[in-house]
file query_38.txt (compact mmCIF, C-alpha atoms)
# COMPACT_ATOMS: atom_id res chain seq x y z
CA MET L 1 22.38 -3.10 16.76
CA GLU L 2 22.69 -1.84 13.20
CA LYS L 3 23.41 -5.29 11.90
CA LYS L 4 20.51 -6.85 13.74
CA SER L 5 17.99 -4.39 12.33
CA TYR L 6 19.27 -4.91 8.78
CA LEU L 7 18.85 -8.62 9.25
CA HIS L 8 15.33 -7.98 10.48
CA GLU L 9 14.45 -5.91 7.40
CA PHE L 10 15.48 -8.83 5.27
CA SER L 11 14.00 -11.70 7.24
CA LYS L 12 10.59 -10.22 8.12
CA GLY L 13 9.34 -10.66 4.57
CA ILE L 14 10.18 -14.35 4.48
CA VAL L 15 8.13 -15.68 7.38
CA LYS L 16 6.54 -13.12 9.69
CA GLU L 17 5.17 -10.77 7.05
CA ASN L 18 5.17 -13.14 4.11
CA PRO L 19 3.54 -11.06 1.36
CA VAL L 20 1.49 -13.91 -0.07
CA LEU L 21 0.44 -16.01 2.90
CA CYS L 22 0.22 -13.40 5.66
CA LEU L 23 -0.43 -10.09 3.91
CA ILE L 24 -2.47 -11.69 1.08
CA LEU L 25 -0.93 -9.57 -1.66
CA GLY L 26 -0.24 -10.48 -5.26
CA THR L 27 -2.84 -13.20 -5.49
CA CYS L 28 -3.20 -13.13 -9.27
CA PRO L 29 0.31 -14.39 -10.20
CA THR L 30 0.27 -16.72 -7.18
CA LEU L 31 -2.72 -18.53 -8.58
CA ALA L 32 -1.94 -18.25 -12.26
CA VAL L 33 1.69 -19.28 -12.78
CA THR L 34 2.06 -21.95 -10.09
CA THR L 35 1.07 -24.84 -12.35
CA SER L 36 4.69 -26.03 -12.16
CA ALA L 37 7.61 -25.43 -9.80
CA VAL L 38 9.84 -24.04 -12.57
CA ASN L 39 7.31 -21.37 -13.58
CA ALA L 40 6.85 -20.43 -9.94
CA ILE L 41 10.59 -19.86 -9.47
CA GLY L 42 10.82 -17.90 -12.73
CA MET L 43 7.97 -15.62 -11.72
CA GLY L 44 9.41 -15.22 -8.22
CA ILE L 45 12.84 -14.20 -9.49
CA ALA L 46 11.42 -11.79 -12.07
CA ALA L 47 9.22 -10.11 -9.46
CA THR L 48 12.09 -10.00 -6.93
CA ALA L 49 14.35 -8.27 -9.45
CA VAL L 50 11.70 -5.64 -10.15
CA LEU L 51 10.96 -5.24 -6.43
CA VAL L 52 14.60 -4.70 -5.43
CA CYS L 53 15.31 -2.24 -8.26
CA SER L 54 12.12 -0.25 -7.84
CA ASN L 55 12.53 -0.09 -4.06
CA ALA L 56 16.09 1.21 -4.51
CA VAL L 57 15.15 3.90 -7.03
CA ILE L 58 11.98 5.01 -5.24
CA SER L 59 13.85 5.22 -1.96
CA ALA L 60 16.63 7.25 -3.57
CA LEU L 61 14.08 9.64 -5.11
CA ARG L 62 11.78 9.80 -2.10
CA ARG L 63 12.65 13.43 -1.34
CA PHE L 64 12.10 14.57 -4.93
CA ILE L 65 8.75 12.96 -5.72
CA PRO L 66 5.88 15.30 -4.76
CA ASP L 67 3.38 13.61 -2.51
CA LYS L 68 0.40 14.26 -4.79
CA VAL L 69 1.76 12.47 -7.84
CA ARG L 70 3.64 9.73 -6.00
CA ILE L 71 1.45 6.83 -7.17
CA PRO L 72 1.80 7.64 -10.92
CA ALA L 73 5.53 8.22 -10.37
CA PHE L 74 5.90 4.84 -8.61
CA ILE L 75 3.95 3.08 -11.36
CA THR L 76 6.15 4.63 -14.05
CA ILE L 77 9.35 3.56 -12.27
CA ILE L 78 8.00 0.03 -11.73
CA ALA L 79 6.81 -0.22 -15.35
CA GLY L 80 10.28 0.78 -16.53
CA PHE L 81 11.92 -2.04 -14.58
CA VAL L 82 9.25 -4.52 -15.68
CA THR L 83 10.04 -3.66 -19.29
CA VAL L 84 13.75 -4.30 -18.64
CA VAL L 85 12.99 -7.66 -16.97
CA GLN L 86 10.67 -8.58 -19.85
CA MET L 87 13.43 -7.92 -22.39
CA VAL L 88 15.99 -9.89 -20.35
CA VAL L 89 13.67 -12.90 -20.00
CA ARG L 90 12.75 -12.78 -23.70
CA ALA L 91 16.44 -12.74 -24.64
CA PHE L 92 17.80 -15.40 -22.29
CA SER L 93 14.88 -17.73 -21.62
CA PRO L 94 12.25 -17.70 -24.37
CA ALA L 95 10.65 -20.85 -22.90
CA LEU L 96 10.01 -19.10 -19.58
CA ASN L 97 8.72 -16.08 -21.48
CA ASP L 98 6.14 -18.29 -23.20
CA ALA L 99 5.20 -20.04 -19.97
CA LEU L 100 4.64 -16.82 -18.01
CA GLY L 101 3.04 -15.06 -20.99
CA ILE L 102 0.82 -12.15 -20.02
CA TYR L 103 1.69 -12.47 -16.33
CA LEU L 104 5.23 -11.18 -16.90
CA PRO L 105 4.16 -7.64 -17.94
CA LEU L 106 1.42 -7.82 -15.30
CA ILE L 107 4.11 -7.61 -12.60
CA VAL L 108 3.46 -3.86 -13.01
CA VAL L 109 0.14 -4.13 -11.21
CA ASN L 110 1.34 -6.65 -8.62
CA CYS L 111 0.17 -5.18 -5.31
CA ILE L 112 3.32 -6.37 -3.50
CA ILE L 113 5.59 -4.07 -5.49
CA LEU L 114 3.42 -0.95 -5.33
CA GLY L 115 2.58 -1.78 -1.72
CA ARG L 116 6.24 -1.96 -0.64
CA ALA L 117 6.99 1.26 -2.55
CA GLU L 118 4.19 3.06 -0.74
CA MET L 119 4.59 1.50 2.71
CA TYR L 120 8.35 1.11 2.96
CA ALA L 121 10.62 2.48 0.24
CA SER L 122 9.07 5.97 0.18
CA LYS L 123 9.85 6.39 3.88
CA HIS L 124 13.21 4.66 4.41
CA PRO L 125 16.83 5.03 3.18
CA VAL L 126 18.16 3.07 0.21
CA LEU L 127 19.95 0.15 1.89
CA PRO L 128 17.11 -0.97 4.18
CA SER L 129 14.72 -0.56 1.22
CA ILE L 130 16.83 -2.88 -0.90
CA LEU L 131 16.93 -5.44 1.92
CA ASP L 132 13.19 -5.09 2.44
CA GLY L 133 12.61 -5.66 -1.28
CA LEU L 134 14.93 -8.64 -1.29
CA GLY L 135 13.25 -10.20 1.75
CA MET L 136 9.76 -9.66 0.38
CA GLY L 137 10.88 -11.03 -2.98
CA VAL L 138 12.35 -14.16 -1.38
CA GLY L 139 9.15 -14.60 0.66
CA PHE L 140 7.07 -14.24 -2.51
CA THR L 141 9.27 -16.73 -4.35
CA ALA L 142 9.12 -19.21 -1.46
CA ALA L 143 5.31 -19.07 -1.30
CA LEU L 144 5.05 -19.44 -5.06
CA LEU L 145 7.48 -22.35 -5.02
CA LEU L 146 5.49 -24.09 -2.29
CA MET L 147 2.29 -23.70 -4.33
CA GLY L 148 4.10 -24.79 -7.49
CA ILE L 149 5.54 -27.93 -5.89
CA ILE L 150 2.19 -28.98 -4.39
CA ARG L 151 0.24 -28.36 -7.60
CA GLU L 152 2.82 -29.95 -9.89
CA LEU L 153 3.22 -33.00 -7.62
CA LEU L 154 -0.52 -33.63 -7.40
CA GLY L 155 -1.46 -32.42 -10.87
CA SER L 156 1.28 -33.88 -13.07
CA GLY L 157 2.89 -36.34 -10.64
CA SER L 158 6.29 -34.67 -10.88
CA VAL L 159 8.44 -31.96 -9.31
CA PHE L 160 10.74 -29.86 -11.52
CA GLY L 161 9.85 -32.31 -14.30
CA ILE L 162 11.08 -35.38 -12.37
CA GLU L 163 8.41 -38.08 -12.19
CA LEU L 164 7.55 -38.95 -8.59
CA LEU L 165 3.93 -40.07 -8.42
CA PRO L 166 2.19 -42.59 -10.68
CA VAL L 167 -1.17 -40.82 -10.33
CA LYS L 168 -2.07 -37.52 -11.91
CA ILE L 169 -4.97 -35.53 -10.50
CA LEU L 170 -5.35 -33.14 -13.41
CA ILE L 171 -7.69 -30.79 -11.55
CA PHE L 172 -4.79 -29.44 -9.47
CA ILE L 173 -3.13 -27.76 -12.43
CA LEU L 174 -6.47 -26.37 -13.63
CA PRO L 175 -7.83 -23.09 -12.19
CA PRO L 176 -10.05 -24.72 -9.48
CA GLY L 177 -7.03 -26.51 -8.03
CA GLY L 178 -5.20 -23.19 -7.77
CA PHE L 179 -7.95 -21.63 -5.66
CA PHE L 180 -8.19 -24.76 -3.50
CA VAL L 181 -4.47 -25.17 -2.76
CA PHE L 182 -4.16 -21.44 -2.01
CA GLY L 183 -7.10 -21.67 0.38
CA MET L 184 -5.49 -24.60 2.19
CA LEU L 185 -2.13 -22.82 2.48
CA ILE L 186 -3.80 -19.74 3.99
CA LEU L 187 -5.66 -22.03 6.36
CA ILE L 188 -2.33 -23.46 7.57
CA ALA L 189 -0.76 -19.98 7.81
CA ASN L 190 -3.75 -18.75 9.83
CA ARG L 191 -3.51 -21.74 12.16
CA LEU L 192 0.20 -21.12 12.76
CA ASN L 193 -0.39 -17.40 13.34
CA ALA L 194 -3.27 -18.11 15.70
CA ARG L 195 -1.13 -20.53 17.68
CA ALA L 196 1.58 -17.88 17.94
CA GLY L 197 -1.10 -15.58 19.34
CA LYS L 198 -1.29 -13.19 16.42
CA ARG L 199 -4.37 -11.62 14.90
CA VAL L 200 -5.70 -13.76 12.10
CA LYS L 201 -5.65 -12.05 8.74
CA SER L 202 -9.19 -12.08 7.55
CA SER L 203 -9.64 -9.74 4.64
CA PRO L 204 -7.76 -9.30 1.38
CA CYS L 205 -8.38 -5.58 1.75
CA ASP L 206 -6.18 -5.20 4.84
CA GLY L 207 -3.01 -5.24 2.79
CA CYS L 208 -4.59 -3.38 -0.12
CA LEU L 209 -2.96 -0.10 -1.08
CA MET L 210 -6.28 1.51 -1.87
CA SER L 211 -8.00 0.37 1.30
CA GLU L 212 -7.82 3.85 2.78
CA LYS L 213 -9.87 5.12 -0.11
CA CYS L 214 -12.55 2.46 0.11
CA SER L 215 -12.34 1.60 3.79
CA GLN L 216 -15.62 3.35 4.56
CA ARG L 217 -17.44 1.20 2.07
CA SER L 218 -16.78 -2.19 0.68
CA CYS L 219 -13.62 -3.27 2.50
CA GLU L 220 -15.01 -2.52 5.96
CA GLU L 221 -18.02 -4.63 5.17
CA VAL L 222 -15.76 -7.49 4.19
CA SER L 223 -13.37 -7.39 7.12
CA GLY L 224 -16.09 -6.52 9.62
CA ASN L 225 -18.16 -9.56 8.90
CA VAL L 226 -15.67 -12.37 8.66
CA ASP L 227 -14.84 -12.92 12.31
CA MET S 1 -20.59 -14.01 -40.85
CA LEU S 2 -19.21 -10.96 -39.07
CA ILE S 3 -22.09 -11.03 -36.59
CA LYS S 4 -21.46 -14.73 -36.00
CA THR S 5 -17.78 -14.25 -35.19
CA LEU S 6 -18.58 -11.30 -32.97
CA VAL S 7 -21.13 -13.32 -31.01
CA SER S 8 -18.66 -16.17 -30.62
CA VAL S 9 -15.92 -13.77 -29.45
CA PHE S 10 -18.36 -12.26 -26.96
CA LEU S 11 -19.58 -15.59 -25.57
CA ALA S 12 -16.07 -17.03 -25.37
CA ALA S 13 -14.89 -14.01 -23.37
CA ILE S 14 -17.73 -14.52 -20.88
CA LEU S 15 -17.84 -18.28 -20.48
CA THR S 16 -14.78 -20.22 -21.63
CA GLU S 17 -12.12 -17.55 -21.12
CA ASN S 18 -13.60 -15.93 -18.04
CA TYR S 19 -10.97 -13.49 -16.81
CA VAL S 20 -11.50 -14.18 -13.12
CA LEU S 21 -12.21 -17.88 -13.01
CA ALA S 22 -10.07 -19.19 -15.87
CA LYS S 23 -7.27 -16.61 -16.22
CA PHE S 24 -6.89 -15.44 -12.61
CA LEU S 25 -7.01 -11.77 -13.48
CA GLY S 26 -8.71 -9.36 -11.09
CA ILE S 27 -8.69 -11.72 -8.11
CA CYS S 28 -8.34 -8.93 -5.53
CA PRO S 29 -11.69 -7.25 -6.28
CA PHE S 30 -13.22 -10.70 -6.83
CA LEU S 31 -12.37 -11.69 -3.26
CA GLY S 32 -12.64 -8.23 -1.74
CA VAL S 33 -15.74 -6.60 -3.16
CA SER S 34 -18.00 -9.62 -3.71
CA LYS S 35 -19.51 -9.60 -0.24
CA LYS S 36 -22.56 -7.55 -1.12
CA LEU S 37 -24.49 -7.82 -4.36
CA ASP S 38 -24.81 -4.08 -5.00
CA SER S 39 -21.11 -3.34 -4.51
CA ALA S 40 -20.26 -6.37 -6.68
CA VAL S 41 -22.44 -5.01 -9.49
CA GLY S 42 -21.10 -1.46 -9.08
CA MET S 43 -17.49 -2.61 -9.25
CA SER S 44 -18.13 -4.83 -12.28
CA VAL S 45 -19.93 -2.08 -14.21
CA ALA S 46 -17.05 0.32 -13.52
CA VAL S 47 -14.53 -2.35 -14.62
CA THR S 48 -16.50 -3.04 -17.82
CA VAL S 49 -16.63 0.66 -18.74
CA VAL S 50 -12.91 1.13 -18.12
CA MET S 51 -12.04 -2.09 -20.01
CA VAL S 52 -13.91 -1.00 -23.15
CA LEU S 53 -12.55 2.56 -22.99
CA ALA S 54 -8.99 1.39 -22.34
CA THR S 55 -9.11 -1.07 -25.25
CA ALA S 56 -10.61 1.62 -27.48
CA VAL S 57 -7.60 3.85 -26.73
CA THR S 58 -4.72 1.36 -26.46
CA TYR S 59 -5.55 -0.71 -29.57
CA PRO S 60 -4.96 2.12 -32.08
CA ILE S 61 -1.94 3.36 -30.11
CA TYR S 62 -0.32 -0.07 -30.34
CA MET S 63 -1.30 -0.91 -33.92
CA TYR S 64 -0.71 2.49 -35.54
CA LEU S 65 1.98 4.07 -33.37
CA LEU S 66 4.09 1.48 -31.56
CA VAL S 67 4.25 -1.30 -34.17
CA PRO S 68 5.07 0.84 -37.25
CA TYR S 69 7.90 2.60 -35.39
CA GLY S 70 9.23 -0.62 -33.80
CA MET S 71 8.58 0.59 -30.28
CA ASP S 72 6.36 -2.26 -29.12
CA TYR S 73 8.67 -2.89 -26.16
CA LEU S 74 7.14 0.26 -24.64
CA GLN S 75 3.76 -1.50 -24.48
CA THR S 76 3.75 -2.18 -20.72
CA ILE S 77 4.79 1.28 -19.58
CA LEU S 78 2.55 3.12 -22.05
CA PHE S 79 -0.55 1.01 -21.41
CA ILE S 80 -0.43 1.40 -17.64
CA LEU S 81 -0.02 5.16 -17.98
CA VAL S 82 -2.88 5.39 -20.48
CA ILE S 83 -5.13 3.38 -18.15
CA ALA S 84 -4.18 5.49 -15.13
CA GLY S 85 -4.87 8.70 -17.06
CA LEU S 86 -8.11 7.35 -18.45
CA VAL S 87 -9.42 6.36 -15.03
CA GLN S 88 -8.68 9.87 -13.74
CA LEU S 89 -10.43 11.37 -16.75
CA VAL S 90 -13.53 9.20 -16.32
CA GLU S 91 -13.63 10.16 -12.65
CA ILE S 92 -13.43 13.90 -13.40
CA VAL S 93 -16.03 13.75 -16.18
CA LEU S 94 -18.44 11.69 -14.06
CA ARG S 95 -18.10 13.99 -11.07
CA LYS S 96 -18.72 17.07 -13.19
CA TYR S 97 -21.54 15.93 -15.44
CA ILE S 98 -23.27 12.88 -13.94
CA PRO S 99 -22.93 13.25 -10.14
CA SER S 100 -25.55 10.58 -9.44
CA LEU S 101 -23.58 7.96 -11.37
CA TYR S 102 -20.36 9.21 -9.76
CA ARG S 103 -21.80 8.57 -6.32
CA SER S 104 -22.56 4.94 -7.14
CA LEU S 105 -19.51 4.09 -9.29
CA GLY S 106 -16.94 6.70 -8.28
CA ILE S 107 -15.64 4.89 -5.22
CA TYR S 108 -14.58 1.92 -7.34
CA LEU S 109 -12.65 3.93 -9.90
CA PRO S 110 -9.40 4.49 -7.91
CA LEU S 111 -9.26 0.72 -7.35
CA ILE S 112 -9.33 0.01 -11.05
CA THR S 113 -6.00 1.57 -12.07
CA THR S 114 -4.08 -1.27 -10.48
CA ASN S 115 -6.62 -3.92 -11.47
CA CYS S 116 -4.72 -6.50 -13.49
CA ALA S 117 -7.86 -7.52 -15.41
CA VAL S 118 -7.97 -4.14 -17.20
CA LEU S 119 -4.29 -4.17 -18.18
CA GLY S 120 -4.67 -7.88 -19.02
CA VAL S 121 -7.54 -7.29 -21.44
CA THR S 122 -5.74 -4.51 -23.33
CA MET S 123 -2.67 -6.73 -23.75
CA LEU S 124 -4.35 -10.08 -24.45
CA VAL S 125 -6.62 -8.59 -27.09
CA LEU S 126 -3.56 -7.74 -29.17
CA GLN S 127 -2.33 -11.35 -29.09
CA LYS S 128 -5.67 -12.92 -30.03
CA VAL S 129 -6.12 -14.34 -33.51
CA ASP S 130 -9.43 -14.43 -35.34
CA SER S 131 -10.23 -18.08 -36.14
CA THR S 132 -11.83 -17.34 -39.53
CA THR S 133 -9.31 -14.93 -41.07
CA LEU S 134 -6.23 -16.17 -39.12
CA TYR S 135 -5.30 -12.54 -38.63
CA HIS S 136 -5.19 -10.26 -35.61
CA TYR S 137 -8.48 -9.14 -34.09
CA THR S 138 -9.94 -6.12 -35.84
CA TYR S 139 -10.79 -3.02 -33.83
CA LEU S 140 -14.43 -4.15 -33.62
CA HIS S 141 -13.48 -7.65 -32.44
CA ALA S 142 -11.17 -6.15 -29.82
CA LEU S 143 -13.92 -3.92 -28.45
CA VAL S 144 -16.43 -6.79 -28.34
CA ASN S 145 -13.85 -8.96 -26.59
CA ALA S 146 -13.21 -6.26 -23.99
CA PHE S 147 -16.94 -5.81 -23.42
CA GLY S 148 -17.37 -9.58 -23.08
CA ALA S 149 -14.50 -9.74 -20.60
CA GLY S 150 -16.23 -7.06 -18.51
CA ILE S 151 -19.56 -8.90 -18.62
CA GLY S 152 -17.73 -12.13 -17.71
CA PHE S 153 -16.30 -10.31 -14.69
CA LEU S 154 -19.83 -9.17 -13.80
CA VAL S 155 -21.22 -12.73 -14.10
CA ALA S 156 -18.45 -14.14 -11.91
CA MET S 157 -18.86 -11.40 -9.29
CA VAL S 158 -22.65 -11.71 -9.11
CA MET S 159 -22.53 -15.51 -8.90
CA PHE S 160 -19.89 -15.37 -6.22
CA ALA S 161 -21.78 -12.73 -4.24
CA GLY S 162 -24.67 -15.22 -4.14
CA VAL S 163 -22.40 -18.04 -2.98
CA ARG S 164 -20.92 -15.84 -0.26
CA GLY S 165 -24.37 -14.82 0.91
CA ARG S 166 -24.98 -18.51 1.59
CA LEU S 167 -21.60 -18.92 3.30
CA GLU S 168 -22.55 -16.19 5.79
CA LYS S 169 -25.19 -18.42 7.31
CA ALA S 170 -23.21 -21.65 7.10
CA ASP S 171 -21.49 -23.12 10.15
CA VAL S 172 -17.83 -23.13 9.09
CA PRO S 173 -14.95 -24.59 11.19
CA ALA S 174 -13.10 -21.81 12.99
CA SER S 175 -9.82 -22.09 11.11
CA LEU S 176 -11.56 -22.14 7.73
CA LYS S 177 -13.43 -18.91 8.44
CA GLY S 178 -12.75 -15.90 6.29
CA LEU S 179 -10.43 -16.22 3.35
CA PRO S 180 -9.81 -20.01 3.26
CA ILE S 181 -13.50 -20.95 2.87
CA THR S 182 -13.93 -18.11 0.36
CA LEU S 183 -11.12 -19.57 -1.74
CA VAL S 184 -12.60 -23.08 -1.54
CA ALA S 185 -15.93 -21.64 -2.69
CA ALA S 186 -14.14 -19.81 -5.53
CA SER S 187 -12.57 -23.13 -6.47
CA LEU S 188 -16.02 -24.73 -6.82
CA VAL S 189 -17.40 -21.79 -8.84
CA SER S 190 -14.38 -22.00 -11.12
CA LEU S 191 -14.93 -25.77 -11.43
CA SER S 192 -18.46 -25.11 -12.67
CA PHE S 193 -17.07 -22.79 -15.37
CA LEU S 194 -14.81 -25.60 -16.64
CA GLY S 195 -18.04 -27.18 -17.83
CA PHE S 196 -18.34 -24.51 -20.53
CA ALA S 197 -15.16 -25.72 -22.28
CA GLY S 198 -15.84 -26.21 -25.98
CA LEU S 199 -19.41 -24.93 -25.65
CA VAL S 200 -18.97 -21.85 -27.83
CA ASP S 201 -17.34 -23.73 -30.72
CA HIS S 202 -20.22 -26.19 -30.83
CA LEU S 203 -22.91 -23.57 -30.36
CA ILE S 204 -21.70 -21.34 -33.17
CA PRO S 205 -19.86 -23.41 -35.79
CA LEU S 206 -17.77 -20.99 -37.85
CA SER S 207 -16.74 -23.15 -40.78
call {"tool": "encode", "arguments": {"input": "query_38.txt", "output": "structure tokens"}}
result
Amino acid sequence: MEKKSYLHEFSKGIVKENPVLCLILGTCPTLAVTTSAVNAIGMGIAATAVLVCSNAVISALRRFIPDKVRIPAFITIIAGFVTVVQMVVRAFSPALNDALGIYLPLIVVNCIILGRAEMYASKHPVLPSILDGLGMGVGFTAALLLMGIIRELLGSGSVFGIELLPVKILIFILPPGGFFVFGMLILIANRLNARAGKRVKSSPCDGCLMSEKCSQRSCEEVSGNVD
Amino acid sequence: MLIKTLVSVFLAAILTENYVLAKFLGICPFLGVSKKLDSAVGMSVAVTVVMVLATAVTYPIYMYLLVPYGMDYLQTILFILVIAGLVQLVEIVLRKYIPSLYRSLGIYLPLITTNCAVLGVTMLVLQKVDSTTLYHYTYLHALVNAFGAGIGFLVAMVMFAGVRGRLEKADVPASLKGLPITLVAASLVSLSFLGFAGLVDHLIPLS
């Protein structure tokens, strides 16, 4: 029983509650760094490292952080780990550091990490929180990798730098291609979810941490009108 | 000459380096709050105000405190805390002194702390290099760039609100409804902004 639930904590983030394709969180890095498969993996691993560490620490401190200041406390913890990851990447892989650029420090404001801290780590013990972070991180990396492979294959005719296609449709590695491929992937995810009989995710606000604060206004209007 | 560079910095921030459509910063509000024109404008105005204020505070902190003492690795952690504090402060001041403005903008303020466009502007502005002096942006340039980034956000939001208004009435295939068609529309809007590439350099020759 114990073992099965631990496995579930880990595996739910990969397919069923994939943070990118099902919960629609962390869209900015998903669109920005997936111009090549290597960048996508680098971003995924960096974010996973931050997610696992911050989940562990927040879960360990969950009884000591007062409820009123929990968001600033979470952000400070996350920012600390992002700084560590930034220094590690700069030291060991300067090329990746250049490729990810501004998006590496911007892991701080990635909704997935703050969202998991708020929704999971602040309410559960340390070990399940670590597994949850790991699963979500792997799911994030997998989605990013999928986007990266599609965009690199179509945009530069290669995957991981290995030439595969003679044609290069440049638009796929430019910003419009990012929006388009992401839209198509969500379309497929929605189709699969609908076939499995699940509610189709319709609004980016549903997974938003702040949705409770704005739900009376803008987000309701968005999610209310789509169906 | 100074005016000329400032105008070019401002236009570049709006058109060629649009934070939403070219740099993918602030996608969540772009997709979430662009349904109605008035909420799109309200959100963008709040973002612009916070962007300019945040840059006004973080630029001197970085240049005159972190760099001289070799603590620039603290940039990420310090900037996010400054922005979070600033947003709270703006909220309190607005509620106390200008309640009418608070009622229209206040609801967007809590969303802005974790908006990556704001943190992105404060960080990118420090990496930018002025093309005439080949030196870091001055304080004035940084502020103009932040203001331009905010206006660029406004332009993208307003344009996209118009596009989505049209989508409402369109007959869209069932599985494309909702987010997928919104993203395809965003792709086309972003495609149109690619057309501005090189425009600013030709419009305002600096040499």
call {"tool": "interface_residues", "arguments": {"input": "query_38.txt", "of": "chain S", "to": "chain L", "cutoff": "7 Å", "atoms": "only C-alpha atoms", "output": "PyMOL selection string"}}
result
chain S and resi 21-28+31-33+35+39+76-77+107+111+114-116+175-181+183-184+186-188+190-191
call {"tool": "closest_residue", "arguments": {"input": "query_38.txt", "among": "S:Thr48, S:Ser34, S:Thr182, S:Ser104", "to": "Met159 of chain S", "atoms": "only C-alpha atoms"}}
result
S:Ser34
call {"tool": "residues_around", "arguments": {"input": "query_38.txt", "residues": "Gly135 of chain L", "least_positions_apart": "2", "cutoff": "7 Å", "atoms": "all atoms listed in the file", "output": "ChimeraX atom specification"}}
result
/L:10-14,131-133,137-139
call {"tool": "atom_distance", "arguments": {"input": "query_38.txt", "atom1": "atom CA of Leu2 of chain S", "atom2": "atom CA of Leu65 of chain S"}}
result
26.6 Å
call {"tool": "residues_around", "arguments": {"input": "query_38.txt", "residues": "segment 137-144 of chain S", "least_positions_apart": "5", "cutoff": "8 Å", "atoms": "only C-alpha atoms", "output": "CSV table (one decimal) with C-alpha atoms, keeping the file's coordinate frame"}}
result
chain,number,residue,atom,x,y,z
S,6,LEU,CA,-18.6,-11.3,-33.0
S,9,VAL,CA,-15.9,-13.8,-29.4
S,10,PHE,CA,-18.4,-12.3,-27.0
S,52,VAL,CA,-13.9,-1.0,-23.2
S,55,THR,CA,-9.1,-1.1,-25.2
S,56,ALA,CA,-10.6,1.6,-27.5
S,59,TYR,CA,-5.6,-0.7,-29.6
S,60,PRO,CA,-5.0,2.1,-32.1
S,125,VAL,CA,-6.6,-8.6,-27.1
S,126,LEU,CA,-3.6,-7.7,-29.2
S,128,LYS,CA,-5.7,-12.9,-30.0
S,129,VAL,CA,-6.1,-14.3,-33.5
S,130,ASP,CA,-9.4,-14.4,-35.3
call {"tool": "residues_near_point", "arguments": {"input": "query_38.txt", "point": "(10.2, -17.7, -22.5)", "cutoff": "12 Å", "atoms": "only C-alpha atoms", "output": "list in words"}}
result
Val38, Asn39, Gly42, Met43, Val85, Gln86, Met87, Val88, Val89, Arg90, Ala91, Phe92, Ser93, Pro94, Ala95, Leu96, Asn97, Asp98, Ala99, Leu100, Gly101, Ile102, Tyr103 and Leu104 of chain L
call {"tool": "closest_residue", "arguments": {"input": "query_38.txt", "among": "L:Ile112, L:Ala37, L:Leu23, L:Ala117", "to": "Ile58 of chain L", "atoms": "only C-alpha atoms"}}
result
L:Ala117
call {"tool": "atom_distance", "arguments": {"input": "query_38.txt", "atom1": "atom CA of Ile65 of chain L", "atom2": "atom CA of Glu118 of chain L"}}
result
12.0 Å
call {"tool": "atom_distance", "arguments": {"input": "query_38.txt", "atom1": "atom CA of Phe74 of chain L", "atom2": "atom CA of Ala46 of chain L"}}
result
17.9 Å
call {"tool": "residues_around", "arguments": {"input": "query_38.txt", "residues": "Val158 of chain S", "least_positions_apart": "4", "cutoff": "7 Å", "atoms": "all atoms listed in the file", "output": "PyMOL selection string"}}
result
chain S and resi 37+40-41+154+162
call {"tool": "closest_residue", "arguments": {"input": "query_38.txt", "among": "S:Ala156, S:Ala161, S:Asp171, S:Thr122", "to": "Asp38 of chain S", "atoms": "only C-alpha atoms"}}
result
S:Ala161
call {"tool": "residues_around", "arguments": {"input": "query_38.txt", "residues": "Gly106 of chain S", "least_positions_apart": "3", "cutoff": "9 Å", "atoms": "all atoms listed in the file", "output": "JSON, numbers by chain"}}
result
{"S": [46, 91, 94, 95, 101, 102, 103, 109, 110]}
call {"tool": "write_last_selection", "arguments": {"input": "query_38.txt", "atoms": "C-alpha atoms", "output": "mmCIF file, in the coordinates of the input"}}
result
data_model
loop_
_atom_site.group_PDB
_atom_site.id
_atom_site.type_symbol
_atom_site.label_atom_id
_atom_site.label_comp_id
_atom_site.auth_asym_id
_atom_site.auth_seq_id
_atom_site.Cartn_x
_atom_site.Cartn_y
_atom_site.Cartn_z
ATOM 1 C CA ALA S 46 -17.050 0.320 -13.520
ATOM 2 C CA GLU S 91 -13.630 10.160 -12.650
ATOM 3 C CA LEU S 94 -18.440 11.690 -14.060
ATOM 4 C CA ARG S 95 -18.100 13.990 -11.070
ATOM 5 C CA LEU S 101 -23.580 7.960 -11.370
ATOM 6 C CA TYR S 102 -20.360 9.210 -9.760
ATOM 7 C CA ARG S 103 -21.800 8.570 -6.320
ATOM 8 C CA LEU S 109 -12.650 3.930 -9.900
ATOM 9 C CA PRO S 110 -9.400 4.490 -7.910
#
call {"tool": "closest_residue", "arguments": {"input": "query_38.txt", "among": "L:Val15, L:His124, L:Ser36, L:Glu9", "to": "Gly161 of chain L", "atoms": "all atoms listed in the file"}}
result
L:Ser36
